[in-house]
Amino acid sequence: SLSDLIKLWEAAQGFELDTYGLEERCLRQSLYTGDFPAPMEKIFESYVNNLGKDAVILAYISQMAHLYLVKDAVVEAFLFHKIAGLMRQGKTLNRVCRLAFLKWCGNAGASGEDWELAGPVLEELVREGSYFAFFQSFPLKIQEKYMFHERVVVEYRTTPEAKVYINYLPIGSAAYVECEMRQMYDGIFAKDFLVFFEESIPYYIKEETDGEYKVTESGRIQRQGLAADGEGGRLAMIDDMMAAWQMKDEAALLKLLEAYGRMDELVKREFTLL
């Protein structure tokens, strides 16, 4: 069994024996059974350091990346450092490895070098309109660079076969709007919203299974805090105006309205719709 193999590996480590073959057996057994006990991470690290086979290494990385992305499994930093190393070498990695590395960058306080590697992955996702809830854990400068700092992502997890719909009540509307949530990756469904300061948008989610619908979640879509737009963009100005209105600061509101009007005129004058 896998547990017996792990005990044998641990004993062999104590006698400083060659454990390469045993490590590969452990990894293959783990991948076959889908069982990944804690000692497997040390076994994997040793196998990598012993110049293990690329196919086995990539298979293990992919499986752990999947568990990290879908199940929020605890994964040692060594695995993500290995992914970073492969990316620096120009290796083509599958989608789950790239997504997991991106998520880890937001959770682990990644270095500037790590973000340089993650940047093209994030750019590709934003370009295709794929947003995950973990984007909101990224540093503000990263969110601003890729222009999603004013978005809130509603994420929902279920079986990949399900169809998921979100119904939400737009501000000022009396009727709910329904749209199908996109499956971003293996059972992770998401929908992003542009939300202003102190807006609270009611929503509920329903699943369709075998032609039957069931409401499974409800809540409100809100953004925490004001938009932090260092360049004074129009959305940030709208947030500031709403905040001034809430605080009954008429002087600040008037000043912001004038600035917004000047910006609006500038945009109309400089940019023309094709």
# chains A, B, ... in the order shown; residues from 1 in each chain; ligands from 1
call {"tool": "residues_around", "arguments": {"residues": "Leu58 of chain A", "least_positions_apart": "3", "cutoff": "12 Å", "atoms": "only C-alpha atoms", "output": "number ranges by chain"}}
result
A: 27-28, 31, 44, 48, 52-55, 61-65, 79-80, 82-83, 86, 91-94, 96-97
call {"tool": "residues_around", "arguments": {"residues": "Pro120 of chain A", "least_positions_apart": "5", "cutoff": "12 Å", "atoms": "only C-alpha atoms", "output": "MDAnalysis selection string"}}
result
chainID A and resid 87 98:99 101:102 114:115 125:127 146
call {"tool": "residues_around", "arguments": {"residues": "Tyr213 of chain A", "least_positions_apart": "4", "cutoff": "12 Å", "atoms": "only C-alpha atoms", "output": "PyMOL selection string"}}
result
chain A and resi 162-166+205-209
call {"tool": "write_last_selection", "arguments": {"atoms": "all heavy atoms", "output": "PDB file, in the first residue's frame"}}
result
ATOM      1  N   ALA A 162     -23.084  20.546 -14.141  1.00  0.00           N
ATOM      2  CA  ALA A 162     -24.244  21.380 -13.836  1.00  0.00           C
ATOM      3  C   ALA A 162     -24.297  22.622 -14.720  1.00  0.00           C
ATOM      4  O   ALA A 162     -23.275  23.083 -15.242  1.00  0.00           O
ATOM      5  CB  ALA A 162     -24.223  21.796 -12.367  1.00  0.00           C
ATOM      6  N   LYS A 163     -25.500  23.152 -14.880  1.00  0.00           N
ATOM      7  CA  LYS A 163     -25.683  24.477 -15.469  1.00  0.00           C
ATOM      8  C   LYS A 163     -26.070  25.415 -14.330  1.00  0.00           C
ATOM      9  O   LYS A 163     -26.945  25.085 -13.530  1.00  0.00           O
ATOM     10  CB  LYS A 163     -26.762  24.465 -16.550  1.00  0.00           C
ATOM     11  CG  LYS A 163     -26.321  23.824 -17.851  1.00  0.00           C
ATOM     12  CD  LYS A 163     -27.337  24.071 -18.955  1.00  0.00           C
ATOM     13  CE  LYS A 163     -26.821  23.555 -20.291  1.00  0.00           C
ATOM     14  NZ  LYS A 163     -27.778  23.826 -21.402  1.00  0.00           N
ATOM     15  N   VAL A 164     -25.397  26.556 -14.257  1.00  0.00           N
ATOM     16  CA  VAL A 164     -25.569  27.472 -13.130  1.00  0.00           C
ATOM     17  C   VAL A 164     -26.015  28.833 -13.650  1.00  0.00           C
ATOM     18  O   VAL A 164     -25.431  29.363 -14.606  1.00  0.00           O
ATOM     19  CB  VAL A 164     -24.256  27.604 -12.326  1.00  0.00           C
ATOM     20  CG1 VAL A 164     -24.467  28.511 -11.128  1.00  0.00           C
ATOM     21  CG2 VAL A 164     -23.766  26.227 -11.871  1.00  0.00           C
ATOM     22  N   TYR A 165     -27.035  29.378 -12.999  1.00  0.00           N
ATOM     23  CA  TYR A 165     -27.565  30.684 -13.391  1.00  0.00           C
ATOM     24  C   TYR A 165     -27.555  31.625 -12.190  1.00  0.00           C
ATOM     25  O   TYR A 165     -27.863  31.225 -11.069  1.00  0.00           O
ATOM     26  CB  TYR A 165     -28.997  30.551 -13.913  1.00  0.00           C
ATOM     27  CG  TYR A 165     -29.135  29.645 -15.112  1.00  0.00           C
ATOM     28  CD1 TYR A 165     -29.283  28.265 -14.950  1.00  0.00           C
ATOM     29  CD2 TYR A 165     -29.095  30.150 -16.404  1.00  0.00           C
ATOM     30  CE1 TYR A 165     -29.390  27.420 -16.047  1.00  0.00           C
ATOM     31  CE2 TYR A 165     -29.213  29.317 -17.508  1.00  0.00           C
ATOM     32  CZ  TYR A 165     -29.360  27.955 -17.321  1.00  0.00           C
ATOM     33  OH  TYR A 165     -29.470  27.117 -18.411  1.00  0.00           O
ATOM     34  N   ILE A 166     -27.186  32.884 -12.446  1.00  0.00           N
ATOM     35  CA  ILE A 166     -27.257  33.904 -11.403  1.00  0.00           C
ATOM     36  C   ILE A 166     -28.345  34.898 -11.785  1.00  0.00           C
ATOM     37  O   ILE A 166     -28.433  35.335 -12.934  1.00  0.00           O
ATOM     38  CB  ILE A 166     -25.893  34.607 -11.188  1.00  0.00           C
ATOM     39  CG1 ILE A 166     -25.981  35.566  -9.999  1.00  0.00           C
ATOM     40  CG2 ILE A 166     -25.416  35.311 -12.449  1.00  0.00           C
ATOM     41  CD1 ILE A 166     -24.626  36.089  -9.532  1.00  0.00           C
ATOM     42  N   ILE A 205     -28.543  32.282  -6.785  1.00  0.00           N
ATOM     43  CA  ILE A 205     -27.981  31.349  -7.757  1.00  0.00           C
ATOM     44  C   ILE A 205     -28.831  30.084  -7.772  1.00  0.00           C
ATOM     45  O   ILE A 205     -29.258  29.600  -6.717  1.00  0.00           O
ATOM     46  CB  ILE A 205     -26.523  31.004  -7.403  1.00  0.00           C
ATOM     47  CG1 ILE A 205     -25.629  32.239  -7.608  1.00  0.00           C
ATOM     48  CG2 ILE A 205     -26.000  29.842  -8.251  1.00  0.00           C
ATOM     49  CD1 ILE A 205     -24.202  32.048  -7.128  1.00  0.00           C
ATOM     50  N   LYS A 206     -29.056  29.590  -8.971  1.00  0.00           N
ATOM     51  CA  LYS A 206     -29.791  28.332  -9.077  1.00  0.00           C
ATOM     52  C   LYS A 206     -29.061  27.388 -10.030  1.00  0.00           C
ATOM     53  O   LYS A 206     -28.393  27.816 -10.968  1.00  0.00           O
ATOM     54  CB  LYS A 206     -31.228  28.566  -9.539  1.00  0.00           C
ATOM     55  CG  LYS A 206     -31.374  29.160 -10.928  1.00  0.00           C
ATOM     56  CD  LYS A 206     -32.854  29.414 -11.240  1.00  0.00           C
ATOM     57  CE  LYS A 206     -33.039  29.960 -12.652  1.00  0.00           C
ATOM     58  NZ  LYS A 206     -34.455  30.243 -12.966  1.00  0.00           N
ATOM     59  N   GLU A 207     -29.190  26.111  -9.736  1.00  0.00           N
ATOM     60  CA  GLU A 207     -28.581  25.060 -10.555  1.00  0.00           C
ATOM     61  C   GLU A 207     -29.663  24.332 -11.337  1.00  0.00           C
ATOM     62  O   GLU A 207     -30.770  24.116 -10.844  1.00  0.00           O
ATOM     63  CB  GLU A 207     -27.856  24.037  -9.680  1.00  0.00           C
ATOM     64  CG  GLU A 207     -26.504  24.447  -9.194  1.00  0.00           C
ATOM     65  CD  GLU A 207     -25.773  23.274  -8.546  1.00  0.00           C
ATOM     66  OE1 GLU A 207     -25.790  22.164  -9.131  1.00  0.00           O
ATOM     67  OE2 GLU A 207     -25.203  23.472  -7.459  1.00  0.00           O
ATOM     68  N   GLU A 208     -29.300  23.934 -12.545  1.00  0.00           N
ATOM     69  CA  GLU A 208     -30.172  23.077 -13.341  1.00  0.00           C
ATOM     70  C   GLU A 208     -29.540  21.695 -13.428  1.00  0.00           C
ATOM     71  O   GLU A 208     -28.417  21.538 -13.904  1.00  0.00           O
ATOM     72  CB  GLU A 208     -30.365  23.641 -14.747  1.00  0.00           C
ATOM     73  CG  GLU A 208     -31.250  22.753 -15.620  1.00  0.00           C
ATOM     74  CD  GLU A 208     -31.275  23.206 -17.070  1.00  0.00           C
ATOM     75  OE1 GLU A 208     -30.642  24.232 -17.394  1.00  0.00           O
ATOM     76  OE2 GLU A 208     -31.913  22.504 -17.878  1.00  0.00           O
ATOM     77  N   THR A 209     -30.266  20.703 -12.941  1.00  0.00           N
ATOM     78  CA  THR A 209     -29.805  19.323 -13.010  1.00  0.00           C
ATOM     79  C   THR A 209     -30.964  18.450 -13.477  1.00  0.00           C
ATOM     80  O   THR A 209     -32.035  18.447 -12.863  1.00  0.00           O
ATOM     81  CB  THR A 209     -29.306  18.826 -11.636  1.00  0.00           C
ATOM     82  OG1 THR A 209     -28.311  19.725 -11.144  1.00  0.00           O
ATOM     83  CG2 THR A 209     -28.698  17.436 -11.767  1.00  0.00           C
TER      84      THR A 209
END
call {"tool": "closest_residue", "arguments": {"among": "A:Ala110, A:Ile171, A:Val121, A:Val70", "to": "Arg95 of chain A", "atoms": "only C-alpha atoms"}}
result
A:Val121
call {"tool": "residues_around", "arguments": {"residues": "Leu140 of chain A", "least_positions_apart": "2", "cutoff": "8 Å", "atoms": "only C-alpha atoms", "output": "PDB file with N, CA and C atoms, in the first residue's frame"}}
result
ATOM      1  N   PHE A 138      -5.188  39.940  -5.098  1.00  0.00           N
ATOM      2  CA  PHE A 138      -3.963  40.444  -5.708  1.00  0.00           C
ATOM      3  C   PHE A 138      -3.644  41.844  -5.188  1.00  0.00           C
ATOM      4  N   ILE A 142      -1.500  45.461  -9.119  1.00  0.00           N
ATOM      5  CA  ILE A 142      -1.757  44.441 -10.134  1.00  0.00           C
ATOM      6  C   ILE A 142      -3.191  44.557 -10.636  1.00  0.00           C
ATOM      7  N   GLN A 143      -4.140  44.739  -9.716  1.00  0.00           N
ATOM      8  CA  GLN A 143      -5.535  44.897 -10.114  1.00  0.00           C
ATOM      9  C   GLN A 143      -5.723  46.110 -11.017  1.00  0.00           C
ATOM     10  N   GLU A 144      -5.053  47.203 -10.674  1.00  0.00           N
ATOM     11  CA  GLU A 144      -5.176  48.421 -11.483  1.00  0.00           C
ATOM     12  C   GLU A 144      -4.526  48.248 -12.848  1.00  0.00           C
ATOM     13  N   HIS A 149      -9.866  46.330 -10.835  1.00  0.00           N
ATOM     14  CA  HIS A 149      -9.902  46.719  -9.427  1.00  0.00           C
ATOM     15  C   HIS A 149     -11.274  47.209  -8.989  1.00  0.00           C
ATOM     16  N   ALA A 228      -9.741  52.590  -5.666  1.00  0.00           N
ATOM     17  CA  ALA A 228      -8.443  53.233  -5.496  1.00  0.00           C
ATOM     18  C   ALA A 228      -7.825  53.410  -6.871  1.00  0.00           C
TER      19      ALA A 228
END
